[in-house]
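Following: one structure in structure tokens, then a few remarks.
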Amino acid sequence: LPYFMASSYRKMIRKLNVIHVGKSGGSTVRLAIEQSPLLAKKYDKIKITHVAQLKYRRRHDYLIIIRNPIDRAISAFNWRYHLVVETEKQRERFKGEWQVLEKYSTLNSISENLYSPDSELLNARVSREFRAIHHLREDISFYLSAMLKDVSPGQIYGIIKQHSLAADCKLLLGPSVEVQHDKSHGDTVDPWKKELSKLARRNLRRFLHEDFACILKLYNLGLLT
């Protein structure tokens, strides 16, 4: 194509970037996206961003799949513990991850040690151990912080929240989509592994402050209730 025609063609292509924050129900949403006539009609290209830094583009629209940061952390820790320690299927995938998971065994244990009980300063060693765990390292801010500095509200096609996933999918992907929930390992996790003490929960609120800041930014943009 001549340059001016190619340039016009590029401008006409409508692109949607789906930001799949890990352990937020994204696998279920992605199956629903594949059968969405609404998105197929609205967009020419749909890209999935998952376990990768987002490259912001001014002409792209964005669909965000998100979850409460603490609930997401509980799910992420237990999922990695299952794959890395219990089944050992991914024991060697990430250097040092098995050692950290085996050492603490629960999110509660590592979270209670994030801050010094005397000075309340962040424990740098435990912080590094926390970030050695896949999906805890790639947190909400990993995906959204940079984008939220530049994005305009009009670029956000919508937000699918894990706690209202089915209803959000129907609203944003079309009433005809069938939301088939993934059979989650979370359903078989011992309840005590999901429990957090007051100290652990307080520490996580502090430690995950950038995740909460992203959610606050989405709220301030009028995109979340």
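Identifiers in this document derive from the order of the structure tokens: chains are assigned A, B, ..., residues are numbered from 1 separately in each chain, and ligands are numbered from 1 in order of occurrence.
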
Within 8 Å of A:Glu112, counting only C-alpha atoms, which residues show up once you throw out same-chain ones fewer than 2 positions away? Write them as a PyMOL selection string, please.
chain A and resi 108-110+114-115+197+199-200+203

Per DSSP on the backbone, what are the strand (DSSP E or B) residues of stretch 30-183 of chain A, as a ChimeraX atom specification?
/A:45-49,61-66,115,122,156-161

Within 8 Å of A:Val177, counting only C-alpha atoms, which residues show up once you throw out same-chain ones fewer than 5 positions away? Write them as JSON, numbers by chain, please.
{"A": [32, 35, 36, 169, 170]}

Could you dump the residues just selected with C-alpha atoms as a tab-separated table (two decimals), in the first residue's frame?
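File produced: result.tsv:
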```
chain	number	residue	atom	x	y	z
A	32	ALA	CA	-15.78	-16.06	27.27
A	35	GLN	CA	-17.19	-16.56	22.04
A	36	SER	CA	-18.16	-12.89	22.29
A	169	CYS	CA	-18.89	-10.75	31.49
A	170	LYS	CA	-22.54	-10.62	30.48
```

Sort by chain and increasing residue number a table of all residues of stretch 73-188 of chain A within 12 Å of stretch 53-68 of chain A, each with its closest pair of atoms and their distance in Å to one decimal, counting only C-alpha atoms, and write it as a Markdown table.
```
| residue | atom | partner | partner_atom | distance |
| --- | --- | --- | --- | --- |
| A:Ala73 | CA | A:Asn68 | CA | 8.6 |
| A:Ile74 | CA | A:Asn68 | CA | 10.2 |
| A:Ser75 | CA | A:Arg67 | CA | 10.4 |
| A:Ala76 | CA | A:Arg67 | CA | 11.4 |
| A:Arg137 | CA | A:Gln53 | CA | 11.9 |
| A:Glu138 | CA | A:Gln53 | CA | 8.9 |
| A:Asp139 | CA | A:Ile66 | CA | 10.3 |
| A:Ile140 | CA | A:Ile66 | CA | 7.7 |
| A:Ser141 | CA | A:Gln53 | CA | 10.0 |
| A:Phe142 | CA | A:Gln53 | CA | 6.7 |
| A:Tyr143 | CA | A:Gln53 | CA | 5.8 |
| A:Leu144 | CA | A:Leu54 | CA | 7.5 |
| A:Ser145 | CA | A:Leu54 | CA | 9.4 |
| A:Ala146 | CA | A:Tyr56 | CA | 7.9 |
| A:Met147 | CA | A:Tyr56 | CA | 5.7 |
| A:Leu148 | CA | A:Tyr56 | CA | 9.1 |
| A:Lys149 | CA | A:Tyr56 | CA | 9.9 |
| A:Asp150 | CA | A:Tyr56 | CA | 8.1 |
| A:Val151 | CA | A:Arg58 | CA | 7.3 |
| A:Ser152 | CA | A:Arg58 | CA | 8.7 |
| A:Pro153 | CA | A:Asp61 | CA | 9.7 |
| A:Gly154 | CA | A:Asp61 | CA | 8.0 |
| A:Gln155 | CA | A:Asp61 | CA | 4.5 |
| A:Ile156 | CA | A:Tyr62 | CA | 4.8 |
| A:Tyr157 | CA | A:Leu63 | CA | 5.4 |
| A:Gly158 | CA | A:Leu63 | CA | 5.1 |
| A:Ile159 | CA | A:Ile64 | CA | 4.7 |
| A:Ile160 | CA | A:Ile65 | CA | 4.8 |
| A:Lys161 | CA | A:Ile66 | CA | 5.1 |
| A:Gln162 | CA | A:Arg67 | CA | 5.2 |
| A:His163 | CA | A:Arg67 | CA | 7.2 |
| A:Ser164 | CA | A:Arg67 | CA | 9.7 |
| A:Leu165 | CA | A:Ile65 | CA | 8.9 |
| A:Asp168 | CA | A:Ile65 | CA | 10.0 |
| A:Cys169 | CA | A:Ile65 | CA | 10.2 |
| A:Leu172 | CA | A:Leu63 | CA | 9.1 |
| A:Leu173 | CA | A:Leu63 | CA | 10.4 |
```

Please provide the set of residues having any atom within 12 Å of stretch 125-136 of chain A, restricted to only C-alpha atoms, with same-chain residues fewer than 5 positions apart removed, written as an MDAnalysis selection string.
chainID A and resid 20:24 50:52 69:81 83:84 90:91 93:116 141:143 203:204 206:208 211

In stretch 1-200 of chain A, what's helix (DSSP H, G or I) per DSSP? Answer as a count of residues only?
100

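As for atom CA of A:Leu122 and atom CA of A:Lys194, they are spaced 23.0 Å apart.
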
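Going from atom CA of A:Lys15 to atom CA of A:Leu39 covers 10.2 Å.
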